[in-house]
Each structure stands twice: as structure tokens, then as C-alpha cells.
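What follows is one structure encoded as C-alpha cells, with my remarks underneath.
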Amino acid sequence: MANEELSLVYNGNPIEYDDPNVTRTMYGAPEIEPITYEWREETFPGYGVAIAGEPVPLPRGVSFTVESRIKEATFPLAYRYAVNESNALSDIFSPKHGEVRLRFDRLDVDDDPISRYLRVLSDYAPPWAWKPQGGEGEFGVRGSARIRTRVSAVARFPWFVDTVPCFDATVTPSQPVIITNPGDRWVGFQMEVGASTYNGNTMTLTTTYTLDGVDVVGILSIIFPDGTPAQGTVLEYWDPAADLGHPIGARSFFFDVGTQSWRRAVAVPQSNGWLSFPPGVPVTLSMGLSGGSSGTTSINLRVTPIYEGF
């Protein structure tokens, strides 16, 4: 029982799949938990506990069922193909792949394609189970060589991300750019340091826009603990309350060619800063450098709209 109005792609693997030995379809519809929030609290001596700042969104769960039908009709050969298919599914949905994209593809009311994804981490590799008979809610391999596999994952960043960025270009000092976010909520950004000769350790991104008649300025300082912004350094900053210790906040990494290893926290956004792109508002972004005396650098900046639903 495939879902004809929605198709899923998990880490590049289409759930709707067909080859000479097996046909895979999505059984039923995916189950997506709601976005829940927790409030930041701060204790003030002599006053008590007060809510401070924006509520923090929590990870959300997502699950779906894959049905595989083995094309071989004779037993025990059909059973052997079923074993191979079960092993293949265990590999596709294994947590060993880390955080991957679960993409949702559908058409809107005008027949225009919409493609958005959740960044998910699988809870477990699908187990092996043999079911001589089975009904609804029973997962595993049937005697008819029909397999139903339950996939469960968690999205630490709980919003659906568009597959197409609304801004993806190079930004340099003293050359402001204008970015408009078409999503339905504010969003952060991803940046990668481009060619760099700068000898300082601080980069500052500034946004200015007008919202409900009020001029708003956001300033975010980014420190490079190694001393300079190395080419290839990546910073993902998805939430205005981002910090390196929160799973939906900031992530920074750099691949060191010399040691052939990944290094973390190589671009650290300062906690007293703030930066976001509200929906539907033209935002002017500029970039500045400080902490050094010479050289320059560029960044490849990407802003991608996000949505509450798929």
C-alpha cells in the first residue's frame, strides 16, 4: 500500500524502489511528532526564577514503514531473496551513517513540486524477524516473502529544510548583500571560509532590516581559536539562541588535509551575539574583519528557508 501523494528519500535511497528481485514501497504514511519547546530559565537573586529569552525547540521523532515484495515466487529461493533484502535494509537505515537527510517530495495544489527534508539520526538498524503469519503491526519477513520494516529516527533540528537555498553566494568585506527568506519562520545560515589571507582571528556579521516599522540590527562575532580563518572552515548557525553545546544550535568543523582528520569548534559564534533572517523581510548583511592588521577573506554564505511542515 504505497502513498501516492508523498514519496520519501532516506540518505539518497528512494523508498519507492524497484529492481529485478524486489519492489519497495512506503506502507501507509510517515508518523511525525509535533515540535515541542522548553523555556530557558534564569535565577535572579532576591527575585526568583524567570523565563529568559526564546523558547528552545526540542528534537522530534519520525517513523515510517517500508514494505518489500520479493518477486521470486518459489520457496525456498524467495526466502533467500528476502534475507538479502532484510540485510540491505538494515544497512540503509543503520545509525552508522550518522545524521542524514530524510527528504519528503510532494506536489502543491498547483502541481508544483515541493521538496523538503529533516536531518535525522536513525535510532537503530532494523532487526531481523521471521513471521510465518502476520497482520497489522507485525514487522519482519512473512512466509509469503513480504517484508515490513519499521524505521525510527530522531530529528534534532525539528524543522523541515527546503532543498533549494534562497541565498547561496560569496560575501566579502565592504560588499553588503540583500537576503529575503521565503520560509514561514526565521532561520540561520551556513558559511564556509573561502580564499583567505587575513591574519586576524575575528569575523563580524551584521544584519539590518525593518520589521513592523522598527529598525533591527543583529551583530554576531565569530572567533577563530586557531588564530586565523582557515579556508574550508564551516560554521552552521541555525538558531538565534545557538551555542556549540546545543544540538540544534551551532556546529563548526574543518577537515585538516595535513593530518587527514576532522577538527571541531574551529569557528565559535559568541554567545552575546544574535543573527537571524525573519520570513518575508529583505535583510542587508555585511561582513567585517577585526583582530588583525592585514589581508582579507571571503565566505560562501548559504541561507535556506525552513518550515513547520513538509
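We label chains A, B, ... in the order they appear in the C-alpha cells, count residues from 1 in each chain, and number ligands from 1 in the order shown.
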(request) Show which residues sit within 8 Å of Ile223 (chain A), as a PyMOL selection string. Count only C-alpha atoms, and ignore same-chain residues fewer than 6 positions away. (result) chain A and resi 201-203+267-270
Would you mind exporting all heavy atoms of the selected residues as a short mmCIF file (atom, residue, chain, number, x, y, z; two decimals), in the first residue's frame?
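part-v9.cif was written with the following content:
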```
data_model
loop_
_atom_site.label_atom_id
_atom_site.label_comp_id
_atom_site.auth_asym_id
_atom_site.auth_seq_id
_atom_site.Cartn_x
_atom_site.Cartn_y
_atom_site.Cartn_z
N ASN A 201 41.74 37.12 13.94
CA ASN A 201 41.02 35.95 14.46
C ASN A 201 39.53 36.19 14.65
O ASN A 201 38.84 35.36 15.23
CB ASN A 201 41.63 35.50 15.79
CG ASN A 201 41.39 36.52 16.90
OD1 ASN A 201 41.02 37.68 16.63
ND2 ASN A 201 41.62 36.13 18.14
N THR A 202 38.99 37.34 14.19
CA THR A 202 37.59 37.66 14.44
C THR A 202 36.90 38.12 13.16
O THR A 202 37.43 38.95 12.42
CB THR A 202 37.45 38.76 15.51
OG1 THR A 202 38.12 38.35 16.69
CG2 THR A 202 35.98 39.01 15.83
N MET A 203 35.72 37.56 12.92
CA MET A 203 34.87 37.97 11.82
C MET A 203 33.54 38.42 12.41
O MET A 203 33.02 37.79 13.34
CB MET A 203 34.66 36.80 10.86
CG MET A 203 33.73 37.08 9.69
SD MET A 203 33.44 35.57 8.72
CE MET A 203 35.10 35.18 8.18
N ALA A 267 35.31 27.59 14.49
CA ALA A 267 34.73 28.92 14.32
C ALA A 267 33.62 29.03 15.36
O ALA A 267 32.61 28.32 15.27
CB ALA A 267 34.18 29.11 12.92
N VAL A 268 33.82 29.85 16.37
CA VAL A 268 32.94 29.86 17.53
C VAL A 268 32.12 31.16 17.57
O VAL A 268 32.67 32.24 17.78
CB VAL A 268 33.75 29.74 18.84
CG1 VAL A 268 32.82 29.69 20.04
CG2 VAL A 268 34.63 28.49 18.79
N PRO A 269 30.78 31.08 17.38
CA PRO A 269 29.95 32.28 17.50
C PRO A 269 29.86 32.71 18.96
O PRO A 269 29.69 31.88 19.86
CB PRO A 269 28.59 31.82 16.96
CG PRO A 269 28.58 30.35 17.16
CD PRO A 269 30.01 29.88 17.03
N GLN A 270 29.96 33.99 19.21
CA GLN A 270 29.94 34.49 20.59
C GLN A 270 28.52 34.54 21.13
O GLN A 270 27.59 34.97 20.43
CB GLN A 270 30.60 35.86 20.64
CG GLN A 270 32.05 35.84 20.20
CD GLN A 270 32.88 34.83 20.99
OE1 GLN A 270 33.24 35.07 22.13
NE2 GLN A 270 33.19 33.69 20.37
#
```
(request) Would you mind listing what lies within 12 Å of Gly12 (chain A) as a PyMOL selection string, with only C-alpha atoms counted and same-chain residues fewer than 6 positions away left out? (result) chain A and resi 92-93+97+100-104+117
Can those selected residues be exported to a file as a PDB file, in the first residue's frame so that it contains C-alpha atoms?
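Generated file (result.pdb):
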```pdb
ATOM      1  CA  ILE A  92      20.482   1.545   4.576  1.00  0.00           C
ATOM      2  CA  PHE A  93      18.842   2.544   7.860  1.00  0.00           C
ATOM      3  CA  HIS A  97      25.675   6.627   8.728  1.00  0.00           C
ATOM      4  CA  VAL A 100      21.305  12.011   7.226  1.00  0.00           C
ATOM      5  CA  ARG A 101      18.613  13.683   5.143  1.00  0.00           C
ATOM      6  CA  LEU A 102      15.088  12.261   5.124  1.00  0.00           C
ATOM      7  CA  ARG A 103      13.548  14.026   2.117  1.00  0.00           C
ATOM      8  CA  PHE A 104       9.821  14.483   1.594  1.00  0.00           C
ATOM      9  CA  TYR A 117      13.952  17.355   4.359  1.00  0.00           C
TER      10      TYR A 117
END
```
(message) What's around region 276-280 of chain A at 6 Å? Count only C-alpha atoms, leave out sequence neighbours fewer than 3 positions away in its own chain, and write the answer as JSON, numbers by chain.
(response) {"A": [181, 182, 183, 184, 185, 186, 187, 188, 240]}
Write the residues of the selection above to a file with C-alpha atoms, as a PDB file, in the first residue's frame.
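Output file result-v6.pdb is given in full below:
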```
ATOM      1  CA  ASN A 181      13.808  34.429   3.463  1.00  0.00           C
ATOM      2  CA  PRO A 182      10.598  32.989   1.886  1.00  0.00           C
ATOM      3  CA  GLY A 183      10.066  30.431   4.675  1.00  0.00           C
ATOM      4  CA  ASP A 184       7.475  30.603   7.443  1.00  0.00           C
ATOM      5  CA  ARG A 185       9.866  31.281  10.340  1.00  0.00           C
ATOM      6  CA  TRP A 186      13.222  32.895  10.989  1.00  0.00           C
ATOM      7  CA  VAL A 187      16.310  30.921  10.077  1.00  0.00           C
ATOM      8  CA  GLY A 188      20.079  30.990  10.499  1.00  0.00           C
ATOM      9  CA  PRO A 240      19.342  32.765  17.203  1.00  0.00           C
TER      10      PRO A 240
END
```
(request) Return as a PyMOL selection string the full set of residues in region 42-273 of chain A whose backbone-based DSSP assignment is strand (DSSP E). (result) chain A and resi 42-44+48-51+56-57+60-70+100-107+113-122+130-131+140-142+146-162+167-171+177-180+189-196+202-211+214-223+234-237+250-256+261-264+268-269
(message) To test your reading of the structure, identify every residue in region 53-217 of chain A that backbone DSSP assigns to helix (DSSP H, G or I), and report it as number ranges by chain.
(response) A: 77-92, 95-97
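The residue that comes closest to Pro165 (chain A), out of A:Arg24, A:Arg263, A:Arg148, A:Arg302 and on the basis of only C-alpha atoms, is A:Arg302.
Non-sequential neighbours of Met191 (chain A) (distance at most 9 Å, separation of 4 or more positions within a chain, only C-alpha atoms) are A:Thr233, A:Val234, A:Leu235, A:Glu236, A:Tyr237, A:Ile299, A:Asn300, A:Leu301, A:Arg302, A:Val303.
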